[in-house]
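Student: Data file target-v8.txt (compact mmCIF, C-alpha atoms and all ligand atoms) is appended below.
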```txt
# COMPACT_ATOMS: atom_id res chain seq x y z
CA MET A 114 19.41 -13.93 -18.78
CA ALA A 115 20.92 -10.65 -17.72
CA THR A 116 23.37 -10.52 -14.83
CA ILE A 117 22.84 -7.71 -12.31
CA ALA A 118 25.76 -6.61 -10.13
CA ARG A 119 25.56 -3.92 -7.46
CA ILE A 120 28.32 -1.53 -6.36
CA LEU A 121 27.69 0.66 -3.29
CA ALA A 122 28.82 4.28 -3.62
CA PRO A 123 30.54 5.70 -0.50
CA ASN A 124 27.90 8.41 0.12
CA PRO A 125 25.88 7.24 3.15
CA GLY A 126 23.56 9.81 4.72
CA LEU A 127 20.14 10.81 6.04
CA TYR A 128 18.55 10.57 2.60
CA THR A 129 20.84 8.00 0.96
CA GLY A 130 20.82 5.23 3.58
CA PRO A 131 23.99 3.13 3.20
CA GLY A 132 24.77 5.01 -0.05
CA THR A 133 23.69 4.95 -3.70
CA ASN A 134 23.49 1.57 -5.43
CA THR A 135 25.17 1.58 -8.83
CA TYR A 136 24.11 -1.35 -11.00
CA ILE A 137 25.96 -3.07 -13.80
CA VAL A 138 23.59 -5.13 -15.92
CA SER A 139 25.25 -7.39 -18.46
CA SER A 140 24.47 -10.01 -21.05
CA GLY A 141 26.55 -11.63 -23.79
CA GLY A 142 29.65 -9.65 -22.81
CA GLU A 143 27.98 -6.21 -23.01
CA ALA A 144 27.07 -4.01 -20.04
CA LEU A 145 25.07 -0.94 -19.03
CA VAL A 146 25.93 1.13 -15.95
CA ILE A 147 22.83 2.41 -14.14
CA ASP A 148 22.98 5.27 -11.60
CA PRO A 149 26.75 5.79 -11.36
CA GLY A 150 26.09 8.19 -8.47
CA PRO A 151 27.90 11.36 -7.42
CA VAL A 152 31.36 12.19 -8.76
CA ILE A 153 33.62 10.23 -6.40
CA ALA A 154 37.00 9.11 -7.80
CA SER A 155 37.19 5.85 -5.82
CA HIS A 156 33.67 4.88 -6.88
CA LYS A 157 34.48 5.54 -10.53
CA LEU A 158 37.53 3.26 -10.22
CA GLU A 159 35.33 0.55 -8.71
CA ILE A 160 32.84 0.82 -11.55
CA VAL A 161 35.57 0.65 -14.20
CA ALA A 162 37.14 -2.35 -12.43
CA ALA A 163 33.76 -4.13 -12.31
CA LEU A 164 33.44 -3.67 -16.08
CA GLU A 165 36.65 -5.61 -16.74
CA GLY A 166 36.00 -8.30 -19.34
CA LEU A 167 32.77 -6.58 -20.42
CA ILE A 168 32.12 -4.12 -23.25
CA PRO A 169 30.28 -1.09 -21.82
CA VAL A 170 27.54 0.18 -24.14
CA GLY A 171 25.86 2.95 -22.12
CA VAL A 172 25.46 4.85 -18.87
CA VAL A 173 21.89 5.34 -17.64
CA ALA A 174 20.33 7.43 -14.83
CA THR A 175 16.98 6.83 -13.12
CA HIS A 176 16.64 10.56 -12.34
CA THR A 177 18.77 13.67 -11.99
CA HIS A 178 19.20 13.89 -8.20
CA PRO A 179 22.80 14.60 -7.10
CA ASP A 180 23.24 11.18 -5.49
CA HIS A 181 22.37 9.35 -8.74
CA ALA A 182 23.34 11.18 -11.92
CA PRO A 183 26.37 13.55 -11.79
CA MET A 184 28.92 10.79 -12.53
CA ALA A 185 27.02 9.72 -15.67
CA ASN A 186 28.53 12.19 -18.15
CA PRO A 187 32.16 11.98 -16.95
CA LEU A 188 31.99 8.17 -16.74
CA ALA A 189 30.50 7.99 -20.24
CA VAL A 190 33.40 10.10 -21.57
CA THR A 191 35.87 7.67 -19.98
CA LEU A 192 34.01 4.62 -21.33
CA GLU A 193 33.27 6.28 -24.73
CA VAL A 194 29.57 5.37 -24.55
CA PRO A 195 26.34 7.43 -24.69
CA VAL A 196 24.39 8.68 -21.66
CA TYR A 197 20.70 7.79 -21.43
CA GLY A 198 18.11 9.57 -19.29
CA TYR A 199 14.71 11.24 -19.19
CA GLN A 200 15.88 14.85 -19.37
CA ASP A 201 18.64 17.32 -18.51
CA GLY A 202 19.21 18.14 -14.87
CA PRO A 203 21.84 19.74 -12.65
CA SER A 204 25.16 18.10 -13.68
CA PHE A 205 23.41 15.71 -16.06
CA SER A 206 22.83 15.85 -19.79
CA PRO A 207 21.72 12.70 -21.62
CA ASP A 208 22.85 12.08 -25.21
CA ILE A 209 19.76 9.96 -25.76
CA ARG A 210 16.44 10.71 -24.08
CA LEU A 211 14.29 7.90 -22.78
CA ASP A 212 10.54 8.00 -22.40
CA ASP A 213 8.10 5.44 -21.07
CA GLY A 214 8.50 2.14 -22.92
CA ASP A 215 11.86 2.94 -24.56
CA GLU A 216 14.46 0.19 -24.53
CA VAL A 217 18.26 0.20 -24.24
CA GLY A 218 19.91 -2.98 -25.50
CA PHE A 219 22.95 -4.80 -24.14
CA GLY A 220 24.04 -8.20 -25.48
CA SER A 221 20.85 -10.08 -26.34
CA GLU A 222 18.84 -8.29 -23.61
CA ALA A 223 17.36 -4.84 -23.04
CA ILE A 224 16.20 -2.68 -20.18
CA THR A 225 12.78 -1.04 -20.61
CA ALA A 226 12.20 2.46 -19.21
CA ILE A 227 9.07 2.90 -17.07
CA HIS A 228 8.21 6.57 -16.43
CA THR A 229 7.38 6.79 -12.71
CA PRO A 230 6.83 10.43 -11.67
CA GLY A 231 6.26 11.18 -7.98
CA HIS A 232 9.66 11.12 -6.25
CA THR A 233 10.65 13.48 -9.08
CA SER A 234 8.80 14.26 -12.30
CA ASP A 235 11.74 12.91 -14.35
CA HIS A 236 12.00 9.53 -12.63
CA LEU A 237 12.42 6.30 -14.58
CA CYS A 238 12.42 2.72 -13.32
CA PHE A 239 14.01 0.07 -15.53
CA ARG A 240 12.68 -3.39 -16.11
CA VAL A 241 15.04 -6.19 -17.02
CA GLY A 242 13.35 -9.58 -17.22
CA ASP A 243 11.39 -10.12 -14.01
CA VAL A 244 13.47 -7.56 -12.07
CA LEU A 245 12.72 -3.85 -11.69
CA LEU A 246 15.53 -1.37 -10.98
CA THR A 247 13.53 1.13 -8.91
CA GLY A 248 15.93 4.05 -8.32
CA ASP A 249 14.29 6.23 -5.66
CA HIS A 250 10.73 5.19 -6.54
CA ILE A 251 11.02 2.38 -3.99
CA MET A 252 13.92 1.99 -1.55
CA GLY A 253 15.13 -0.95 0.48
CA GLY A 254 14.36 -0.42 4.16
CA SER A 255 12.74 3.02 4.09
CA THR A 256 10.04 5.13 2.49
CA VAL A 257 10.92 7.85 0.00
CA VAL A 258 10.59 11.63 -0.13
CA ILE A 259 8.09 12.65 -2.81
CA GLU A 260 7.31 15.76 -4.85
CA ASP A 261 3.81 14.83 -6.06
CA ALA A 262 1.58 12.57 -3.96
CA ALA A 263 -1.05 11.84 -6.64
CA ALA A 264 1.53 11.06 -9.34
CA TYR A 265 3.53 8.96 -6.89
CA LEU A 266 0.54 6.80 -5.98
CA ASP A 267 -0.30 6.32 -9.68
CA SER A 268 3.32 5.29 -10.32
CA LEU A 269 3.12 2.74 -7.49
CA TYR A 270 0.03 1.18 -9.11
CA LEU A 271 1.85 1.24 -12.46
CA VAL A 272 4.85 -0.75 -11.20
CA ARG A 273 2.62 -3.12 -9.22
CA ASP A 274 0.84 -3.96 -12.48
CA LEU A 275 4.17 -4.97 -14.07
CA GLY A 276 4.11 -8.07 -11.86
CA VAL A 277 7.89 -8.31 -11.49
CA ALA A 278 9.38 -10.72 -8.94
CA ARG A 279 12.23 -8.69 -7.48
CA LEU A 280 13.11 -5.02 -6.90
CA GLU A 281 16.65 -3.65 -7.01
CA PRO A 282 16.44 -0.22 -5.34
CA GLY A 283 18.67 2.85 -5.59
CA HIS A 284 19.36 2.63 -1.85
CA GLY A 285 19.31 -0.40 0.46
CA ASP A 286 19.05 -4.11 -0.22
CA ALA A 287 17.21 -5.99 -2.95
CA ILE A 288 13.54 -6.76 -2.23
CA ASP A 289 12.57 -10.33 -3.06
CA ASP A 290 8.78 -10.10 -2.72
CA ALA A 291 8.11 -7.19 -5.07
CA GLY A 292 4.30 -7.33 -4.91
CA ALA A 293 4.16 -7.29 -1.11
CA ALA A 294 6.67 -4.41 -0.89
CA ILE A 295 4.76 -2.29 -3.42
CA ASN A 296 1.50 -2.95 -1.57
CA GLU A 297 3.16 -1.81 1.67
CA TYR A 298 4.23 1.40 -0.04
CA ILE A 299 0.70 2.01 -1.32
CA GLU A 300 -0.75 1.39 2.15
CA HIS A 301 1.84 3.71 3.71
CA ARG A 302 0.91 6.53 1.30
CA MET A 303 -2.79 6.12 2.01
CA GLU A 304 -2.16 5.98 5.75
CA ARG A 305 -0.04 9.15 5.59
CA GLU A 306 -2.79 10.96 3.66
CA GLN A 307 -5.37 9.94 6.27
CA GLN A 308 -3.05 11.04 9.11
CA VAL A 309 -2.64 14.49 7.56
CA LEU A 310 -6.37 14.80 6.97
CA ALA A 311 -7.10 13.67 10.54
CA ALA A 312 -4.62 16.23 11.90
CA VAL A 313 -6.36 19.02 9.96
CA ARG A 314 -9.79 17.87 11.09
CA GLY A 315 -8.39 17.64 14.63
CA GLY A 316 -7.57 21.35 14.53
CA ALA A 317 -3.97 21.56 13.25
CA GLY A 318 -4.16 24.81 11.32
CA THR A 319 -0.62 25.19 9.95
CA ILE A 320 1.86 22.92 8.18
CA GLY A 321 4.08 23.10 11.28
CA GLY A 322 1.12 22.06 13.42
CA ILE A 323 0.41 19.08 11.17
CA VAL A 324 4.09 18.02 11.27
CA ASP A 325 3.95 18.11 15.09
CA VAL A 326 1.04 15.66 15.03
CA VAL A 327 1.92 13.36 12.11
CA TYR A 328 5.71 13.30 12.57
CA GLU A 329 5.77 13.50 16.38
CA GLY A 330 9.31 13.18 17.73
CA ILE A 331 11.01 13.51 14.33
CA PRO A 332 14.75 14.38 14.55
CA VAL A 333 15.48 18.08 13.98
CA GLY A 334 17.54 17.25 10.88
CA LEU A 335 14.52 15.69 9.18
CA ARG A 336 11.95 18.34 10.07
CA GLU A 337 12.41 20.35 6.87
CA ALA A 338 11.77 17.20 4.83
CA ALA A 339 8.65 16.49 6.92
CA VAL A 340 7.38 20.04 6.26
CA GLN A 341 7.84 19.43 2.53
CA GLN A 342 6.09 16.08 2.70
CA VAL A 343 3.09 17.58 4.50
CA ALA A 344 2.94 20.36 1.89
CA VAL A 345 2.98 17.73 -0.88
CA GLN A 346 0.23 15.75 0.86
CA LEU A 347 -1.87 18.89 1.37
CA LYS A 348 -1.61 19.66 -2.35
CA LYS A 349 -3.22 16.29 -3.13
CA LEU A 350 -5.89 16.75 -0.44
CA PHE A 351 -6.57 20.23 -1.85
CA ASP A 352 -6.90 18.83 -5.38
CA ASP A 353 -9.22 16.15 -3.98
CA SER A 354 -11.28 18.96 -2.35
CA ALA A 355 -10.65 17.57 1.14
CA VAL A 356 -8.81 20.58 2.57
CA TRP A 357 -8.29 24.24 1.87
CA PHE A 358 -4.94 25.89 2.42
CA GLU A 359 -3.21 29.07 1.49
CA VAL A 360 -0.48 28.32 -1.02
CA GLY A 361 3.04 29.71 -0.88
CA THR A 362 3.39 31.08 2.63
CA ALA A 363 5.88 30.16 5.34
CA GLU A 364 5.45 27.05 7.46
CA GLU A 365 3.82 28.63 10.49
CA ARG A 366 1.70 31.13 8.60
CA THR A 367 0.13 28.71 6.11
CA GLU A 368 -3.48 28.40 7.14
CA VAL A 369 -5.01 25.00 6.66
CA ARG A 370 -8.57 23.93 7.27
CA ALA A 371 -10.81 21.01 6.43
CA ARG A 372 -13.69 21.54 4.02
ZN ZN A 401 16.22 10.90 -5.68
```
Mind turning the file's structure into structure tokens?
Tutor:
Amino acid sequence: MATIARILAPNPGLYTGPGTNTYIVSSGGEALVIDPGPVIASHKLEIVAALEGLIPVGVVATHTHPDHAPMANPLAVTLEVPVYGYQDGPSFSPDIRLDDGDEVGFGSEAITAIHTPGHTSDHLCFRVGDVLLTGDHIMGGSTVVIEDAAAYLDSLYLVRDLGVARLEPGHGDAIDDAGAAINEYIEHRMEREQQVLAAVRGGAGTIGGIVDVVYEGIPVGLREAAVQQVAVQLKKLFDDSAVWFEVGTAEERTEVRAR
């Protein structure tokens, strides 16, 4: 059985909740570090301290966002281990690339990479036994910002089919009833899609107008994210032939209509 330990990075914020969860998974005296987070000296010291008595064998990132991956390469240099990840990103360059189904061993165990595009196209979840390390695919206590609504929904079905018991997210607390949480996420996505479609059918003719209906009362600091999320949702509705919209124009000038 693998042991999973969590270390909270000191980077709380609007999009990171209490901060990024760094995980140390270990078995038989060997350990992998998953999502070492941003480059923060005190956090690096905490990770190194948590590895005491263990032999580190790799540093792994779920995806290349700045709150997950930039510490991977410098930490790997310190630990003299390889970096594993899906692809290069800003401040991230894996020595060994992982694709769907690839394994990284530690002790007598291994993590298995599950390619889960949607939050980002390069996102991986990692299965270890009956636990799934979900990165930003699923968070504890909030929904996630996505880049591709159709891919994201497919990736939710994919991880639901794994049938794991527990989720260890990139932000927030562990989720003990994995199946119920994933179903809630799927329902939320479908509900959001229907809300956007209803807003368009109700006469909202711009992305800004849809945001005003679907995200009524949203804090100013989150409005830009809401605009992006509506644009992502419209792309799926467009591909599904449910709406027409003009691509690539500013928020208030983008014309949207039902079809
Ligand atoms: Zn992310």
Student: Give the centre and edge lengths of an axis-aligned box, in Å to one decimal, that holds all listed atoms of region 161-174 of chain A with 3 Å on each side, as JSON.
Tutor:
```
{"center_x": 28.7, "center_y": -0.4, "center_z": -18.2, "size_x": 22.8, "size_y": 21.7, "size_z": 17.8}
```
Student: Please identify the residues whose atoms come within 10 Å of ligand ZN 401 (chain A), using all atoms listed in the file, and report them as a ChimeraX atom specification.
Tutor: /A:128-129,133,175-182,232-233,235-236,248-250,257-259,283-284
Student: Hey, can you check how far CA of Asp148 (chain A) sits from CA of Ala185 (chain A)?
Tutor: 7.3 Å
Student: What does the distance between CA of Ala122 (chain A) and CA of Gly166 (chain A) come to in Å, to one decimal place?
Tutor: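 Computing the Euclidean distance for CA of Ala122 (chain A) and CA of Gly166 (chain A) yields 21.4 Å.
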Student: When distances are computed from all atoms listed in the file, which of A:Gly198, A:Pro207, A:Gly292, A:Gly276 shows the smallest separation from Ala226 (chain A)?
Tutor: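 Nearest candidate to Ala226 (chain A) out of A:Gly198, A:Pro207, A:Gly292, A:Gly276: A:Gly198.
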Student: Please identify all polymer residues within 12 Å of Thr225 (chain A), counting only C-alpha atoms, omitting same-chain residues fewer than 5 positions from it, and present them as a PyMOL selection string.
Tutor: chain A and resi 173+175+197-198+211-219+237-247+275
Student: If we count all atoms listed in the file and set the cut-off at 10 Å, which residues sit around Arg302 (chain A), ignoring sequence neighbours fewer than 3 positions away in its own chain? Please answer as a list in words.
Tutor: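 In the requested form, the answer reads Thr256, Ala262, Ala263, Tyr265, Leu266, Leu269, Asn296, Glu297, Tyr298, Ile299, Arg305, Glu306, Gln307, Gln308 and Gln346 of chain A.
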Student: Counting only C-alpha atoms, figure out which residue out of A:Gly254, A:Ile224, A:Glu281, A:Val196 gets nearest to Tyr136 (chain A).
Tutor: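 The closest residue to Tyr136 (chain A) is A:Glu281.
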Student: When you look at Val309 (chain A) with a cut-off of 9 Å (counting only C-alpha atoms), what residues show up, excluding the ones that are within fewer than 5 positions of it in the same chain? I need them as a PDB file with C-alpha atoms, keeping the file's coordinate frame.
Tutor:
```pdb
ATOM      1  CA  GLU A 304      -2.160   5.980   5.750  1.00  0.00           C
ATOM      2  CA  ARG A 314      -9.790  17.870  11.090  1.00  0.00           C
ATOM      3  CA  ILE A 323       0.410  19.080  11.170  1.00  0.00           C
ATOM      4  CA  VAL A 324       4.090  18.020  11.270  1.00  0.00           C
ATOM      5  CA  VAL A 326       1.040  15.660  15.030  1.00  0.00           C
ATOM      6  CA  VAL A 327       1.920  13.360  12.110  1.00  0.00           C
ATOM      7  CA  VAL A 343       3.090  17.580   4.500  1.00  0.00           C
ATOM      8  CA  GLN A 346       0.230  15.750   0.860  1.00  0.00           C
ATOM      9  CA  LEU A 347      -1.870  18.890   1.370  1.00  0.00           C
ATOM     10  CA  LEU A 350      -5.890  16.750  -0.440  1.00  0.00           C
TER      11      LEU A 350
END
```
Student: Using the partial input, fill out region 118-150 of chain A with N, CA and C atoms; write the result as a CSV table (one decimal), in the frame of the given file.
Tutor:
```csv
chain,number,residue,atom,x,y,z
A,118,ALA,N,24.8,-6.8,-11.2
A,118,ALA,CA,25.8,-6.6,-10.1
A,118,ALA,C,25.6,-5.2,-9.5
A,119,ARG,N,25.8,-5.2,-8.2
A,119,ARG,CA,25.6,-3.9,-7.5
A,119,ARG,C,26.9,-3.4,-6.8
A,120,ILE,N,27.1,-2.1,-7.0
A,120,ILE,CA,28.3,-1.5,-6.4
A,120,ILE,C,27.8,-0.4,-5.5
A,121,LEU,N,28.2,-0.4,-4.2
A,121,LEU,CA,27.7,0.7,-3.3
A,121,LEU,C,28.6,1.9,-3.3
A,122,ALA,N,28.0,3.0,-3.6
A,122,ALA,CA,28.8,4.3,-3.6
A,122,ALA,C,29.1,4.7,-2.2
A,123,PRO,N,30.2,5.3,-1.9
A,123,PRO,CA,30.5,5.7,-0.5
A,123,PRO,C,29.9,7.1,-0.1
A,124,ASN,N,28.6,7.2,-0.2
A,124,ASN,CA,27.9,8.4,0.1
A,124,ASN,C,26.7,8.2,1.1
A,125,PRO,N,27.0,7.5,2.2
A,125,PRO,CA,25.9,7.2,3.2
A,125,PRO,C,25.4,8.6,3.7
A,126,GLY,N,24.1,8.6,4.2
A,126,GLY,CA,23.6,9.8,4.7
A,126,GLY,C,22.1,9.7,5.1
A,127,LEU,N,21.5,10.8,5.6
A,127,LEU,CA,20.1,10.8,6.0
A,127,LEU,C,19.2,10.4,4.9
A,128,TYR,N,19.5,10.8,3.7
A,128,TYR,CA,18.6,10.6,2.6
A,128,TYR,C,19.0,9.5,1.7
A,129,THR,N,20.3,9.0,1.9
A,129,THR,CA,20.8,8.0,1.0
A,129,THR,C,21.0,6.6,1.6
A,130,GLY,N,20.6,6.5,2.9
A,130,GLY,CA,20.8,5.2,3.6
A,130,GLY,C,22.3,4.8,3.6
A,131,PRO,N,22.6,3.6,3.2
A,131,PRO,CA,24.0,3.1,3.2
A,131,PRO,C,24.8,3.8,2.1
A,132,GLY,N,24.1,4.4,1.1
A,132,GLY,CA,24.8,5.0,0.0
A,132,GLY,C,24.0,4.7,-1.3
A,133,THR,N,24.4,5.2,-2.4
A,133,THR,CA,23.7,5.0,-3.7
A,133,THR,C,24.1,3.6,-4.3
A,134,ASN,N,23.2,2.8,-4.7
A,134,ASN,CA,23.5,1.6,-5.4
A,134,ASN,C,23.7,1.8,-6.9
A,135,THR,N,24.9,1.6,-7.4
A,135,THR,CA,25.2,1.6,-8.8
A,135,THR,C,25.0,0.2,-9.3
A,136,TYR,N,24.3,0.0,-10.4
A,136,TYR,CA,24.1,-1.4,-11.0
A,136,TYR,C,24.8,-1.5,-12.3
A,137,ILE,N,25.4,-2.7,-12.5
A,137,ILE,CA,26.0,-3.1,-13.8
A,137,ILE,C,25.2,-4.3,-14.3
A,138,VAL,N,24.4,-4.0,-15.4
A,138,VAL,CA,23.6,-5.1,-15.9
A,138,VAL,C,24.3,-5.6,-17.2
A,139,SER,N,24.5,-6.9,-17.3
A,139,SER,CA,25.2,-7.4,-18.5
A,139,SER,C,24.6,-8.6,-19.1
A,140,SER,N,24.9,-8.8,-20.3
A,140,SER,CA,24.5,-10.0,-21.0
A,140,SER,C,25.3,-10.2,-22.3
A,141,GLY,N,25.8,-11.4,-22.6
A,141,GLY,CA,26.6,-11.6,-23.8
A,141,GLY,C,27.8,-10.8,-23.9
A,142,GLY,N,28.4,-10.4,-22.8
A,142,GLY,CA,29.6,-9.6,-22.8
A,142,GLY,C,29.5,-8.2,-22.9
A,143,GLU,N,28.2,-7.7,-23.0
A,143,GLU,CA,28.0,-6.2,-23.0
A,143,GLU,C,27.3,-5.7,-21.7
A,144,ALA,N,27.6,-4.5,-21.3
A,144,ALA,CA,27.1,-4.0,-20.0
A,144,ALA,C,26.6,-2.6,-20.1
A,145,LEU,N,25.5,-2.3,-19.3
A,145,LEU,CA,25.1,-0.9,-19.0
A,145,LEU,C,25.4,-0.6,-17.6
A,146,VAL,N,25.8,0.7,-17.3
A,146,VAL,CA,25.9,1.1,-16.0
A,146,VAL,C,24.7,2.0,-15.6
A,147,ILE,N,24.0,1.7,-14.5
A,147,ILE,CA,22.8,2.4,-14.1
A,147,ILE,C,23.1,3.1,-12.8
A,148,ASP,N,22.8,4.4,-12.8
A,148,ASP,CA,23.0,5.3,-11.6
A,148,ASP,C,24.4,5.2,-11.1
A,149,PRO,N,25.4,5.8,-11.8
A,149,PRO,CA,26.8,5.8,-11.4
A,149,PRO,C,27.0,6.6,-10.1
A,150,GLY,N,26.0,7.5,-9.7
A,150,GLY,CA,26.1,8.2,-8.5
A,150,GLY,C,26.8,9.5,-8.6
```
